[in-house]
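Undergrad: One structure coming up, written as structure tokens, with questions to follow.
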Amino acid sequence: MGLIMETQALTKTYGKKDACKDVNIKIREGEIYGLIGRNGAGKTTIMRIISGLSRATSGTYSLFGKTGGEMRKELRNVGVLIEHPGLYPKLSARENLKIKCIGMGVDHSKEYIDNILQTVGLENVDNKKGAGSFSLGMKQRLGIGLALVGEPKMIILDEPINGLDPQGIVEIRHTLAKLRDEKGITIMISSHILDELGKLADSYGIIHEGRLLDQFTASELHKRCGQFVAIRTGNNEKAISLLKKAGIRNIETDNDGRIRVNEHLDESDKMAKAIVNANIPLKEIYINDISLEDYYLSVTGGEHNG
Amino acid sequence: MVNIVKMDIYRLFKSTSYKVMMLLVVIFNFIDAPVGWALIKLAKRMGTKDTGNWPSTVKLSSFVSEPLGWLTGIFILMSVVWFSYSDLGHGYIKNIAGQLPKKGQTVISKFIAVELHNLILMIIAVISNTLGYLPFSKIDLTTGLAGGIRSFLLKYLLLMAISAIVLFFSTGLKSKNAATVIAILMGSKLLQLSYILINMGLQKIPFSFMKDFDISKYMPDSLITSDSPPVVRSLIVSACFIVVLINLTISIFNKKDIT
């Protein structure tokens with residue numbers, strides 16, 4: 001897969017503050033890219049620039065391999081949902097979609113709009129109900145629907161699952177996966193719900209205080225996070241030597257003074273038995289499962305709450 | 001560009017504020033005659049002297065040449081404020097502006113929709129006013145009609161210029177409050193009071209041609225109050241205001257982020 005979007009040293013400054021600085025993001029065609037960061041990290045700023053709503057202070061970006069004026073024309077193929085959905089509150093979901101369809105010069109027939117409503121789970125919404133009276137979840141869905149008008153090749157979704165109930169979150173996850181798999185749409189998505197993002201995204205970028213700290217694919221994340229057997233003993237050197245003699249190769253000590261065994265996860269009981277039988281004091285042994293959240297916090301130096 | 005214009009015209013006709021303003025324009029223009037007639041009758045009954053008589057015949061040209069009577073101008077300009085700001089205020093602009101080759105196209109399309117809006121409301125004002133007089137007076141359909149139509153068109157152009165000013169504040173500076181104030185001041189002709197002060201200042205400039213300078217002769221909200229606006233000056237003033245302000249609005253709009 002080639003790159004569909006790439007930024008080079010993208011920077012946006014407001015006054016003396018850099019909202020984002022020297023950001024180099026690479027998004028492959030047909031993938032879901034998850035942008036992770038806390039509030040105020042710069043995710044929305046980056047998404048605004050890429051979607052043409054904001055100008056970068058410096059740096060460039062390319063879309064579909066094009067830059068400058070040619071790239072500007074390609075923005076037509078990028079649907080966006082930035083922050084809260086922008087809707088006309090007194091108009092129905094259909095009317096809100098129809099307005100954008102007319103503006104984009106695309107089909108605004110009942111069938112086309114019905115199809116979009118069905119994609120985002122709003123096919124049964126009352127046609128007389130103004131969008132202003134929708135729940136937050138319904139507004140988010142309609143916002144995603146608006147981003148899908150005109151059959152975009154890429155959509156940029158800023159916190160699209162905010163305000164959705166658990167079922168709604170699952171439905172949106174399935175919808176986005178379906179858009180990627182069946183229509184080949186590339187999706188850039190930001191979310192605070194890292195657990196959900198972990199189930200959906202193919203690649204990730206971690207933004208912290210305006211800077212891109214890390215960028216990796218899901219398979220690379222698994223290698224970095226994944227699972228391992230964590231062991232604490234009274235004599236790590238002796239324990240490691242013992243385990244290596246038993247045939248374990250992928251073993252190391254981490255900064256916390258734990259032994260990490262990255263293989264034979266199903267034989268942790270045998271490892272424990274071997275250590276105890278060798279009279280090495282065993283303090284703890286467990287299967288460690290680092291989540292995307294844990295990895296994010298380790299990269300940004302944050303802490304868990306509670 | 002054509003699609004964006006179609007979009008703005010479509011949303012104009014769908015907007016509640018436009019329909020409400022249309023209703024107000026109809027009502028206030030329609031009741032002009034009945035209220036006037038009733039007041040004259042009341043005054044006569046009370047024995048008030050010099051009340052005058054209700055005209056038995058009125059010229060259609062008098063309605064056509066004055067489509068912005070009473071509160072109509074304010075209603076139309078307030079509607080311009082609400083319509084021109086609604087996509088920004090509700091955030092709908094985010095859905096589409098980024099996908100356009102030039103964001104400034106939304107300013108032009110909005111201006112075109114506003115001019116259609118103004119034309120429709122002015123015509124409705126004329127029709128409502130005329131219909132309101134029908135039960136009380138005969139309507140002379142032809143006398144002075146050509147002159148009335150000329151005056152209507154000039155006032156339409158001058159209203160376009162005032163709308164461009166309103167659009168500058170609502171869309172360029174993204175300030176609904178400033179646009180509302182301007183709309184009320186210009187629609188009610190109150191801004192002309194400030195021209196007196198400006199003239200006093202300008203006339204102190206030591207150039208001979210400034211001695212009798214009167215800025216109100218070059219402002220669209222002043223020219224529009226005339227029964228028969230000067231043709232050439234109205235055309236030039238309208239063109240200048242429209243070209244300068246629309247370009248300024250586009251320039252500012254393009255430079256600002258869409259939030």
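Chain lettering (A, B, ...) mirrors the order of the structure tokens, residue numbering begins at 1 for each chain separately, and ligand numbering begins at 1 in order of display.
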Residues of chain A within 6 Å of chain B, using only C-alpha atoms, as a list in words?

TA: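 Output check: Ser51, Gly52, Leu53, Ser54, Arg72, Lys73, Leu75, Arg76, Gly86, Leu87, Ile99, Ile102, Gly103 and Gly105 of chain A.
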
Undergrad: Env of A:Gln118: 12 Å cut, atoms = only C-alpha atoms, seq-sep filter 3 positions within chain, self excluded. Answer as a PyMOL selection string.

TA: chain A and resi 93-94+110-115+121-125+141-142+144-145+148+171-172+175

Undergrad: Output as a PyMOL selection string all residues of stretch 131-278 of chain A that backbone DSSP marks as helix (DSSP H, G or I).

TA: chain A and resi 131-133+136-148+166-183+194-200+218-224+236-245+265-277

Undergrad: If you count only C-alpha atoms, which residues fall within 6 Å of A:Ala201, apart from same-chain ones fewer than 2 positions away, as a list in words?

TA: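 In the requested format, the answer is Ile32, Tyr33, Gly34, Leu197 and Ser203 of chain A.
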
Undergrad: Export, as a tab-separated table (two decimals), in the first residue's frame, the selected residues with C-alpha atoms.

TA:
chain	number	residue	atom	x	y	z
A	32	ILE	CA	-7.25	3.14	9.70
A	33	TYR	CA	-4.81	5.47	11.42
A	34	GLY	CA	-5.43	6.23	15.07
A	197	LEU	CA	-8.92	2.41	19.03
A	203	SER	CA	-1.49	2.23	12.63

Undergrad: Just list as an MDAnalysis selection string whatever in stretch 3-249 of chain A DSSP marks as strand (DSSP E or B).

TA: chainID A and resid 3:14 17:23 26:28 32:36 58:63 66 78:81 154:158 186:190 203:208 211:217 227:233

Undergrad: Given the choices A:Lys199, A:Lys43, A:Lys129, A:Arg249, which gets closest to A:His222 if the distance is worked out from only C-alpha atoms?

TA: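 Answer, going by the shortest atom-to-atom distance: A:Lys199.
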
Undergrad: Report, in Å with one decimal, the straight-line distance from atom CA of A:Gly37 to atom CA of A:Ile187.

TA: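 Interatomic distance, atom CA of A:Gly37 to atom CA of A:Ile187: 17.0 Å.
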
Undergrad: If we count only C-alpha atoms, what is near A:Ser291 at a cut-off of 12 Å, once residues fewer than 3 positions away on the same chain are taken out, given as JSON, numbers by chain?

TA: {"A": [193, 194, 195, 196, 197, 198, 199, 218, 221, 222, 223, 224, 225, 226, 227, 288, 294, 295, 296, 297, 298]}

Undergrad: Ranking A:Met71, A:Val299, A:Met188, A:Ile240 by minimum distance to A:Ala274 and counting only C-alpha atoms, which one comes first?

TA: A:Ile240

Undergrad: Would you compute the distance between atom CA of A:Val149 and atom CA of A:Leu176? Give it in Å to one decimal.

TA: 14.6 Å

Undergrad: Would you mind listing, for every residue of stretch 26-96 of chain B within 10 Å of stretch 225-247 of chain B, the two atoms forming the shortest contact and the distance between them in Å to one decimal, using only C-alpha atoms, sorted by chain and ascending residue number, as CSV?

TA:
residue,atom,partner,partner_atom,distance
B:Ser62,CA,B:Asp227,CA,9.1
B:Ser65,CA,B:Asp227,CA,7.1
B:Glu66,CA,B:Asp227,CA,7.2
B:Leu68,CA,B:Thr225,CA,8.7
B:Gly69,CA,B:Thr225,CA,9.1

Undergrad: Of the candidates B:Ile162, B:Ala38, B:Leu24, B:Leu185, which one gets nearest to B:Leu223 if we count only C-alpha atoms?

TA: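 Checking each candidate against B:Leu223, we get B:Ile162 as the closest.
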
Undergrad: Give me, as number ranges by chain, all polymer residues having an atom no more than 10 Å from B:Asn199, counting only C-alpha atoms and skipping those fewer than 2 positions away in the same chain.

TA: B: 194-197, 201-204, 210-216

Undergrad: Which one is closest to A:Val80: A:Ile206, A:Ile285, A:Ile169, A:Ile189? Count only C-alpha atoms.

TA: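 Looking at the shortest contact to A:Val80, the residue is A:Ile189.
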
Undergrad: At a cut-off of 12 Å, using only C-alpha atoms, what residues contact A:Glu263? Leave out same-chain residues fewer than 4 positions from it and give the result as a list in words.

TA: Lys223, Gly226, Gln227, Phe228, Val229, Ala230, Leu243, Lys244, Gly247, Ile248, Arg249, Asn250, Ile251, Glu252, Glu267, Ser268, Met271 and Ile287 of chain A

Undergrad: Could the residues in this selection be written to a file with C-alpha atoms, as a PDB file, in the first residue's frame?

TA:
ATOM      1  CA  LYS A 223       5.676  -6.550  19.706  1.00  0.00           C
ATOM      2  CA  GLY A 226       1.888  -7.667  23.801  1.00  0.00           C
ATOM      3  CA  GLN A 227       2.305 -10.131  26.619  1.00  0.00           C
ATOM      4  CA  PHE A 228       5.279 -11.500  28.531  1.00  0.00           C
ATOM      5  CA  VAL A 229       5.966 -13.418  31.706  1.00  0.00           C
ATOM      6  CA  ALA A 230       7.102 -10.966  34.347  1.00  0.00           C
ATOM      7  CA  LEU A 243      15.989 -20.195  32.436  1.00  0.00           C
ATOM      8  CA  LYS A 244      18.451 -19.968  29.549  1.00  0.00           C
ATOM      9  CA  GLY A 247      15.993 -23.417  26.589  1.00  0.00           C
ATOM     10  CA  ILE A 248      14.456 -19.957  26.937  1.00  0.00           C
ATOM     11  CA  ARG A 249      16.179 -17.529  24.574  1.00  0.00           C
ATOM     12  CA  ASN A 250      13.971 -14.429  24.443  1.00  0.00           C
ATOM     13  CA  ILE A 251      14.643 -13.126  27.921  1.00  0.00           C
ATOM     14  CA  GLU A 252      15.720  -9.736  29.237  1.00  0.00           C
ATOM     15  CA  GLU A 267       4.815 -22.496  30.697  1.00  0.00           C
ATOM     16  CA  SER A 268       5.024 -19.882  33.430  1.00  0.00           C
ATOM     17  CA  MET A 271       9.448 -21.435  35.152  1.00  0.00           C
ATOM     18  CA  ILE A 287       1.543 -12.770  32.702  1.00  0.00           C
TER      19      ILE A 287
END
